[in-house]
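Enquirer: Quick one: structure below, then a few questions.
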Amino acid sequence: MTETVSRVPVRIPSRTGEDGLRVTDAALRKIAQFLVPEGQDKVLRIGVKPGGCSGLSYAMYIDDEVTQTDTTIERDGIRIAVDQHSLPYLKGTTLDYQDGLMESGFTFDNPNASSSCGCGNSFN
């Protein structure tokens, strides 16, 4: 992945044309570290699933396939897919990667979450 990427987050648009998921450059760089060794046929799947202490949990994993109902983006050879069930929960959400002294990892800034747990991995 080149270092000359824009500072504007990549948007995974929803099927209704409203804002979908945003992915920052920092998150894309970290995603590339996981996906590139896996091969070109892999995709990072981002979604939500029932669970966690607040009702819904974020899910991220490497997948082998994209379905016709998935919404996807591709940038610099990195492919990200979101299933149609998860996309409304992620509308307007920004996925970022923070690399700090005390804590590092992916973060979800979700304007739809009415509450979230202390660890930030689940929301309602």
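Residues in the structure tokens are numbered from 1 in each chain, the chains being A, B, ... in the order shown, and ligands are numbered from 1 in the order shown.
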Which residues are near A:Ile46? Cut-off 8 Å, only C-alpha atoms, ignore same chain within fewer than 2 positions. Put them as a ChimeraX atom specification.
Expert: /A:44,48,58-61,80-83
Enquirer: Which of these residues is nearest to A:Thr94, using only C-alpha atoms: A:Ser114, A:Lys30, A:Ile78, A:Phe106?
Expert: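 The closest residue to A:Thr94 is A:Phe106.
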Enquirer: Could you check which of A:Thr71, A:Arg45, A:Asp109, A:Gly77 is closest to A:Gln33, using only C-alpha atoms?
Expert: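 The shortest atom-to-atom distance to A:Gln33 comes from A:Gly77.
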Enquirer: State, in Å with one decimal place, the distance from atom CA of A:Ile73 to atom CA of A:Pro111.
Expert: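 Separating atom CA of A:Ile73 from atom CA of A:Pro111 is a distance of 21.1 Å.
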Enquirer: Show me, as a PyMOL selection string, the residues that have an atom within 10 Å of A:Tyr89 when counting only C-alpha atoms, minus same-chain residues fewer than 4 positions from it.
Expert: chain A and resi 20-21+47-48+56+58+84-85+93+110-113+123-124
Enquirer: Could the residues in this selection be written to a file with N, CA, C and O atoms, as a tab-separated table (two decimals), in the first residue's frame?
Expert:
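The resulting file, out_23.tsv, is shown below:
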```tsv
chain	number	residue	atom	x	y	z
A	20	GLY	N	-22.61	5.30	4.60
A	20	GLY	CA	-22.38	3.98	5.16
A	20	GLY	C	-21.21	4.05	6.12
A	20	GLY	O	-21.07	5.00	6.88
A	21	LEU	N	-20.33	3.08	6.05
A	21	LEU	CA	-19.16	2.99	6.91
A	21	LEU	C	-18.02	3.79	6.33
A	21	LEU	O	-17.77	3.74	5.12
A	47	GLY	N	-18.88	-6.25	10.28
A	47	GLY	CA	-20.31	-6.33	10.52
A	47	GLY	C	-20.65	-6.23	11.99
A	47	GLY	O	-19.79	-5.89	12.81
A	48	VAL	N	-21.89	-6.52	12.28
A	48	VAL	CA	-22.35	-6.57	13.66
A	48	VAL	C	-23.03	-7.91	13.88
A	48	VAL	O	-23.53	-8.53	12.94
A	56	LEU	N	-25.23	-5.61	20.85
A	56	LEU	CA	-24.62	-5.92	19.56
A	56	LEU	C	-23.11	-5.79	19.68
A	56	LEU	O	-22.62	-4.92	20.40
A	58	TYR	N	-19.31	-5.64	17.39
A	58	TYR	CA	-18.68	-5.47	16.09
A	58	TYR	C	-17.94	-6.76	15.74
A	58	TYR	O	-17.40	-7.43	16.62
A	84	GLN	N	-25.65	-6.76	4.12
A	84	GLN	CA	-26.78	-5.83	4.12
A	84	GLN	C	-27.46	-5.75	5.48
A	84	GLN	O	-28.06	-4.72	5.80
A	85	HIS	N	-27.37	-6.78	6.31
A	85	HIS	CA	-27.95	-6.71	7.65
A	85	HIS	C	-27.18	-5.75	8.55
A	85	HIS	O	-27.76	-4.99	9.33
A	93	THR	N	-20.72	5.39	10.71
A	93	THR	CA	-19.65	4.96	11.61
A	93	THR	C	-18.28	5.14	10.95
A	93	THR	O	-18.13	4.93	9.75
A	110	ASN	N	-19.40	5.24	16.36
A	110	ASN	CA	-20.72	4.96	15.80
A	110	ASN	C	-21.75	5.95	16.34
A	110	ASN	O	-22.12	5.90	17.51
A	111	PRO	N	-22.25	6.86	15.48
A	111	PRO	CA	-23.24	7.84	15.93
A	111	PRO	C	-24.61	7.22	16.22
A	111	PRO	O	-25.45	7.87	16.84
A	112	ASN	N	-24.83	5.99	15.82
A	112	ASN	CA	-26.12	5.31	16.03
A	112	ASN	C	-26.20	4.62	17.40
A	112	ASN	O	-27.28	4.22	17.81
A	113	ALA	N	-25.07	4.47	18.07
A	113	ALA	CA	-25.04	3.75	19.34
A	113	ALA	C	-25.63	4.63	20.44
A	113	ALA	O	-25.13	5.72	20.70
A	123	PHE	N	-22.40	-2.43	21.55
A	123	PHE	CA	-23.21	-1.22	21.62
A	123	PHE	C	-24.68	-1.57	21.51
A	123	PHE	O	-25.05	-2.70	21.24
A	124	ASN	N	-25.52	-0.58	21.75
A	124	ASN	CA	-26.96	-0.73	21.66
A	124	ASN	C	-27.53	0.44	20.90
A	124	ASN	O	-27.06	1.52	20.95
```
Enquirer: Record the distance separating atom CA of A:Thr67 and atom CA of A:Lys91, expressed in Å with one decimal.
Expert: 19.7 Å
Enquirer: Determine the nearest neighbour of A:Val66 from the options A:Ala32, A:Ala26, A:Met102, A:Val43, counting only C-alpha atoms.
Expert: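 Nearest candidate to A:Val66 out of A:Ala32, A:Ala26, A:Met102, A:Val43: A:Val43.
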